[in-house]
Amino acid sequence: MEKTWKIVLFSCLLGSFLVSSSAQTCKTQTFSNSKQYANCSDLPHLNCFLHWTYDSAAGTVDMAFRHSGTSSERWSAWAINPSGPTMMGSQALVAYVNSSGLPHPFTTSIDSMNPSMQQSDLSFGVSDLMATFENNEMTIFAVLSIPENLLSTSQVWQEGPVTSDQLGAHPFSGGNVQSVGSVNFITGQSGGDGSAGSRVRRRN
Ligand SMILES: *[C@@H]1O[C@H](CO)[C@@H](O)[C@H](O)[C@H]1NC(C)=O
Ligand SMILES: *[C@@H]1O[C@H](CO)[C@@H](O)[C@H](O)[C@H]1NC(C)=O
């Protein structure tokens, strides 16, 4: 009897070890183009990660957003939202594997709760936009020229289905409705702590 319990306990410990060791953290992630970033953050939902380097002289944030454990039939997106930790107003970088079999990145400003997800300019400059899709990981690279009042702001990330180059609505449950937070590109703080709203309101 006692032996059975020991086996059960051991199996549970082994199980939890395997689960925790398979969870990625941004600190061990690398990029096939050998890029390196000063700061990174494990976003708390949807297996997503943010890497960046803030260059105060240039006023730019050189960044990479990675969505792990996805597929070529899903889209991935990351956004700054100057209006708060919500979908509406998001200044988004989006990528999906298109019908040519290539990861296709684009920008879109979300101005409706039923957005078209068509290419549009953002409220700040974006250059060097690129995406890679490898090992079921979508990574979006970009350099953002953001004004100082957006160095501490809200971030939103999301994913959903793609069929024949058409991006479908994201799921409306679980991590897909919790994937908002704050980001401070200077201090390196980022996450889904829900305090983003007050940090945004602090600016005047
Ligand atoms: C797929 O994406 C690549 C990279 O952005 C682009 O060059 C190509 O034209 C796209 N193909 C289609 C069918 O949209
Ligand atoms: C973010 O990067 C800056 C510049 O390298 C560094 O000084 C700072 O310690 C980093 N912050 C975190 C939380 O890693």
# chains A, B, ... in the order shown; residues from 1 in each chain; ligands from 1
$ residues_near_ligand --ligand "ligand 1" --cutoff "6 Å" --atoms "only C-alpha atoms and all ligand atoms" --output "list of chain:residue names"
A:Asn98, A:Ser99, A:Ser100, A:Leu102, A:Pro103, A:His104, A:Pro105
$ write_last_selection --atoms "C-alpha atoms" --output "tab-separated table (two decimals), in the first residue's frame"
chain	number	residue	atom	x	y	z
A	98	ASN	CA	-0.10	33.04	-46.44
A	99	SER	CA	-1.23	30.97	-49.42
A	100	SER	CA	2.30	31.24	-50.91
A	102	LEU	CA	5.40	32.50	-46.57
A	103	PRO	CA	5.11	34.29	-43.23
A	104	HIS	CA	3.47	37.58	-44.12
A	105	PRO	CA	3.75	40.49	-41.65
$ residues_near_ligand --ligand "ligand 2" --cutoff "6 Å" --atoms "only C-alpha atoms and all ligand atoms" --output "PyMOL selection string"
chain A and resi 38-39+187-188
$ residues_around --residues "Val183 in chain A" --least-positions-apart "3" --cutoff "8 Å" --atoms "only C-alpha atoms" --output "VMD selection string"
chain A and resid 151 to 155 188 to 191 196
$ closest_residue --among "A:Thr132, A:Gln119, A:Ser41, A:Gln24" --to "Val97 in chain A" --atoms "only C-alpha atoms"
A:Thr132
$ select_by_dssp --residues "chain A" --states "helix (DSSP H, G or I)" --output "ChimeraX atom specification"
/A:2-22,26-28,148-150,174-177,196-202
$ write_last_selection --atoms "C-alpha atoms" --output "PDB file, in the first residue's frame"
ATOM      1  CA  GLU A   2       2.693   2.434   1.079  1.00  0.00           C
ATOM      2  CA  LYS A   3       4.735   1.535  -1.974  1.00  0.00           C
ATOM      3  CA  THR A   4       1.795   2.340  -4.279  1.00  0.00           C
ATOM      4  CA  TRP A   5       1.501   5.804  -2.768  1.00  0.00           C
ATOM      5  CA  LYS A   6       5.192   6.407  -3.216  1.00  0.00           C
ATOM      6  CA  ILE A   7       4.880   5.513  -6.892  1.00  0.00           C
ATOM      7  CA  VAL A   8       1.884   7.809  -7.279  1.00  0.00           C
ATOM      8  CA  LEU A   9       3.701  10.659  -5.527  1.00  0.00           C
ATOM      9  CA  PHE A  10       6.823  10.117  -7.638  1.00  0.00           C
ATOM     10  CA  SER A  11       4.739  10.129 -10.828  1.00  0.00           C
ATOM     11  CA  CYS A  12       3.112  13.405  -9.807  1.00  0.00           C
ATOM     12  CA  LEU A  13       6.462  15.022  -9.058  1.00  0.00           C
ATOM     13  CA  LEU A  14       7.899  13.777 -12.329  1.00  0.00           C
ATOM     14  CA  GLY A  15       4.814  15.018 -14.159  1.00  0.00           C
ATOM     15  CA  SER A  16       5.025  18.497 -12.706  1.00  0.00           C
ATOM     16  CA  PHE A  17       8.750  18.637 -13.421  1.00  0.00           C
ATOM     17  CA  LEU A  18       8.154  17.716 -17.064  1.00  0.00           C
ATOM     18  CA  VAL A  19       5.408  20.331 -17.371  1.00  0.00           C
ATOM     19  CA  SER A  20       7.483  23.122 -15.857  1.00  0.00           C
ATOM     20  CA  SER A  21      10.662  22.254 -17.743  1.00  0.00           C
ATOM     21  CA  SER A  22       8.851  22.292 -21.079  1.00  0.00           C
ATOM     22  CA  CYS A  26      12.255  34.380 -23.126  1.00  0.00           C
ATOM     23  CA  LYS A  27      15.766  34.306 -21.623  1.00  0.00           C
ATOM     24  CA  THR A  28      16.658  31.066 -23.415  1.00  0.00           C
ATOM     25  CA  GLU A 148       8.068  59.397 -25.453  1.00  0.00           C
ATOM     26  CA  ASN A 149       4.529  59.177 -24.085  1.00  0.00           C
ATOM     27  CA  LEU A 150       4.305  55.615 -25.432  1.00  0.00           C
ATOM     28  CA  GLY A 174      -9.416  31.632 -21.865  1.00  0.00           C
ATOM     29  CA  GLY A 175      -6.080  33.294 -22.597  1.00  0.00           C
ATOM     30  CA  ASN A 176      -7.503  35.065 -25.638  1.00  0.00           C
ATOM     31  CA  VAL A 177      -9.547  37.381 -23.406  1.00  0.00           C
ATOM     32  CA  ALA A 196      -1.757  49.188 -17.393  1.00  0.00           C
ATOM     33  CA  GLY A 197      -4.780  51.449 -17.267  1.00  0.00           C
ATOM     34  CA  SER A 198      -3.525  53.490 -14.342  1.00  0.00           C
ATOM     35  CA  ARG A 199      -0.040  53.748 -15.835  1.00  0.00           C
ATOM     36  CA  VAL A 200      -1.471  55.087 -19.039  1.00  0.00           C
ATOM     37  CA  ARG A 201      -3.659  57.589 -17.200  1.00  0.00           C
ATOM     38  CA  ARG A 202      -0.639  58.939 -15.339  1.00  0.00           C
TER      39      ARG A 202
END
$ residues_around --residues "Ser109 in chain A" --least-positions-apart "2" --cutoff "12 Å" --atoms "only C-alpha atoms" --output "compact mmCIF listing (two decimals) with N, CA, C and O atoms, in the first residue's frame"
# COMPACT_ATOMS: atom_id res chain seq x y z
N ALA A 77 -0.57 38.20 -33.37
CA ALA A 77 -0.51 39.66 -33.38
C ALA A 77 -0.03 40.19 -32.04
O ALA A 77 -0.29 39.59 -30.99
N TRP A 78 0.66 41.33 -32.10
CA TRP A 78 1.08 42.06 -30.90
C TRP A 78 0.84 43.53 -31.16
O TRP A 78 1.05 44.00 -32.29
N ALA A 79 0.41 44.25 -30.15
CA ALA A 79 0.09 45.66 -30.35
C ALA A 79 0.44 46.49 -29.14
O ALA A 79 0.41 46.03 -28.00
N ILE A 80 0.74 47.75 -29.43
CA ILE A 80 0.75 48.80 -28.41
C ILE A 80 -0.65 49.40 -28.45
O ILE A 80 -1.18 49.62 -29.54
N ASN A 81 -1.24 49.62 -27.30
CA ASN A 81 -2.52 50.34 -27.34
C ASN A 81 -2.46 51.59 -26.47
O ASN A 81 -2.58 51.51 -25.25
N PRO A 82 -2.26 52.74 -27.11
CA PRO A 82 -2.16 54.00 -26.35
C PRO A 82 -3.44 54.31 -25.58
O PRO A 82 -3.41 55.08 -24.62
N MET A 87 -8.75 45.90 -26.89
CA MET A 87 -8.55 45.64 -28.31
C MET A 87 -8.69 46.92 -29.13
O MET A 87 -7.86 47.22 -29.99
N MET A 88 -9.76 47.67 -28.84
CA MET A 88 -10.06 48.88 -29.60
C MET A 88 -8.91 49.89 -29.47
O MET A 88 -8.49 50.21 -28.37
N GLY A 89 -8.43 50.37 -30.60
CA GLY A 89 -7.33 51.34 -30.59
C GLY A 89 -5.95 50.71 -30.73
O GLY A 89 -4.95 51.43 -30.83
N SER A 90 -5.89 49.37 -30.75
CA SER A 90 -4.58 48.70 -30.82
C SER A 90 -3.85 49.03 -32.10
O SER A 90 -4.43 49.02 -33.19
N GLN A 91 -2.57 49.32 -31.96
CA GLN A 91 -1.68 49.60 -33.09
C GLN A 91 -0.89 48.30 -33.28
O GLN A 91 0.11 48.07 -32.60
N ALA A 92 -1.36 47.47 -34.20
CA ALA A 92 -0.95 46.06 -34.20
C ALA A 92 0.03 45.67 -35.31
O ALA A 92 -0.04 46.17 -36.43
N LEU A 93 0.92 44.75 -34.94
CA LEU A 93 1.75 44.02 -35.89
C LEU A 93 1.14 42.63 -35.99
O LEU A 93 0.91 42.00 -34.95
N VAL A 94 0.86 42.20 -37.20
CA VAL A 94 0.17 40.91 -37.40
C VAL A 94 1.01 40.07 -38.37
O VAL A 94 1.66 40.63 -39.27
N PHE A 106 2.27 42.39 -41.44
CA PHE A 106 1.71 43.69 -41.83
C PHE A 106 1.25 44.43 -40.58
O PHE A 106 1.18 43.84 -39.49
N THR A 107 0.98 45.72 -40.74
CA THR A 107 0.49 46.51 -39.61
C THR A 107 -0.98 46.82 -39.83
O THR A 107 -1.45 46.95 -40.97
N ASP A 111 -9.70 49.77 -35.41
CA ASP A 111 -10.62 50.88 -35.15
C ASP A 111 -12.08 50.42 -35.07
O ASP A 111 -13.01 51.21 -35.21
N SER A 112 -12.26 49.11 -34.88
CA SER A 112 -13.62 48.57 -34.79
C SER A 112 -13.55 47.27 -33.99
O SER A 112 -12.49 46.63 -33.93
N MET A 113 -14.65 46.87 -33.36
CA MET A 113 -14.67 45.61 -32.64
C MET A 113 -14.82 44.44 -33.61
O MET A 113 -14.77 43.28 -33.22
N PRO A 115 -12.81 44.20 -36.71
CA PRO A 115 -11.86 44.85 -37.61
C PRO A 115 -11.65 44.09 -38.92
O PRO A 115 -11.78 42.87 -38.96
N SER A 116 -11.30 44.81 -39.96
CA SER A 116 -11.08 44.19 -41.27
C SER A 116 -9.77 43.42 -41.30
O SER A 116 -9.60 42.54 -42.13
N MET A 117 -8.84 43.76 -40.41
CA MET A 117 -7.51 43.17 -40.40
C MET A 117 -6.81 43.36 -41.75
O MET A 117 -6.07 42.50 -42.21
N GLN A 118 -7.05 44.49 -42.37
CA GLN A 118 -6.34 44.85 -43.60
C GLN A 118 -5.17 45.74 -43.22
O GLN A 118 -5.22 46.44 -42.20
N GLN A 119 -4.15 45.74 -44.07
CA GLN A 119 -2.98 46.60 -43.86
C GLN A 119 -3.40 48.06 -43.71
O GLN A 119 -4.16 48.59 -44.53
N SER A 120 -2.92 48.72 -42.65
CA SER A 120 -3.09 50.16 -42.52
C SER A 120 -1.92 50.70 -41.71
O SER A 120 -1.24 49.94 -41.01
N ASP A 121 -1.68 52.01 -41.84
CA ASP A 121 -0.58 52.61 -41.10
C ASP A 121 -0.92 52.71 -39.62
O ASP A 121 -2.10 52.78 -39.24
N LEU A 122 0.13 52.72 -38.79
CA LEU A 122 -0.07 52.90 -37.35
C LEU A 122 0.14 54.36 -36.99
O LEU A 122 0.55 55.17 -37.83
N SER A 123 -0.13 54.70 -35.74
CA SER A 123 0.01 56.09 -35.30
C SER A 123 1.48 56.47 -35.09
O SER A 123 1.78 57.62 -34.80
N PHE A 124 2.39 55.49 -35.22
CA PHE A 124 3.83 55.76 -35.11
C PHE A 124 4.53 55.01 -36.24
O PHE A 124 3.93 54.14 -36.90
$ residues_around --residues "Gly69 in chain A" --least-positions-apart "6" --cutoff "8 Å" --atoms "only C-alpha atoms" --output "list in words"
Asn47, Asn136 and Glu137 of chain A
$ write_last_selection --atoms "N, CA, C and O atoms" --output "PDB file, in the first residue's frame"
ATOM      1  N   ASN A  47       1.353  31.601 -24.731  1.00  0.00           N
ATOM      2  CA  ASN A  47       2.730  31.221 -25.126  1.00  0.00           C
ATOM      3  C   ASN A  47       3.422  32.312 -25.930  1.00  0.00           C
ATOM      4  O   ASN A  47       4.008  32.043 -26.984  1.00  0.00           O
ATOM      5  N   ASN A 136       6.853  25.757 -35.540  1.00  0.00           N
ATOM      6  CA  ASN A 136       5.575  26.203 -34.986  1.00  0.00           C
ATOM      7  C   ASN A 136       5.691  27.451 -34.119  1.00  0.00           C
ATOM      8  O   ASN A 136       4.931  27.631 -33.159  1.00  0.00           O
ATOM      9  N   GLU A 137       6.681  28.283 -34.433  1.00  0.00           N
ATOM     10  CA  GLU A 137       6.821  29.563 -33.742  1.00  0.00           C
ATOM     11  C   GLU A 137       6.745  30.682 -34.774  1.00  0.00           C
ATOM     12  O   GLU A 137       7.512  30.699 -35.734  1.00  0.00           O
TER      13      GLU A 137
END
$ closest_residue --among "A:Ser145, A:Asn135, A:Ser71, A:Asn114" --to "Val162 in chain A" --atoms "only C-alpha atoms"
A:Ser71
$ residues_around --residues "Arg66 in chain A" --least-positions-apart "5" --cutoff "9 Å" --atoms "only C-alpha atoms" --output "list in words"
Cys26, Asn47, Cys48, Phe49, Leu50, His51, Ser76, Glu137, Met138, Thr139, Ile140 and Phe141 of chain A
$ atom_distance --atom1 "CA of Ser83 in chain A" --atom2 "CA of Phe65 in chain A"
20.5 Å
$ select_by_dssp --residues "range 15-194 of chain A" --states "strand (DSSP E)" --output "number ranges by chain"
A: 39-42, 48-55, 60-67, 74-81, 91-97, 103-109, 125-134, 137-145, 152-163, 166-167, 180-184, 189-191
$ closest_residue --among "A:Thr25, A:Ser56, A:Ser32, A:Gln166" --to "Ala131 in chain A" --atoms "only C-alpha atoms"
A:Ser32
$ atom_distance --atom1 "CA of Thr30 in chain A" --atom2 "CA of Asp55 in chain A"
20.6 Å
$ atom_distance --atom1 "CA of His170 in chain A" --atom2 "CA of Gln158 in chain A"
7.2 Å
$ residues_around --residues "Pro171 in chain A" --least-positions-apart "5" --cutoff "12 Å" --atoms "only C-alpha atoms" --output "PyMOL selection string"
chain A and resi 46+74-75+158-161+176-179
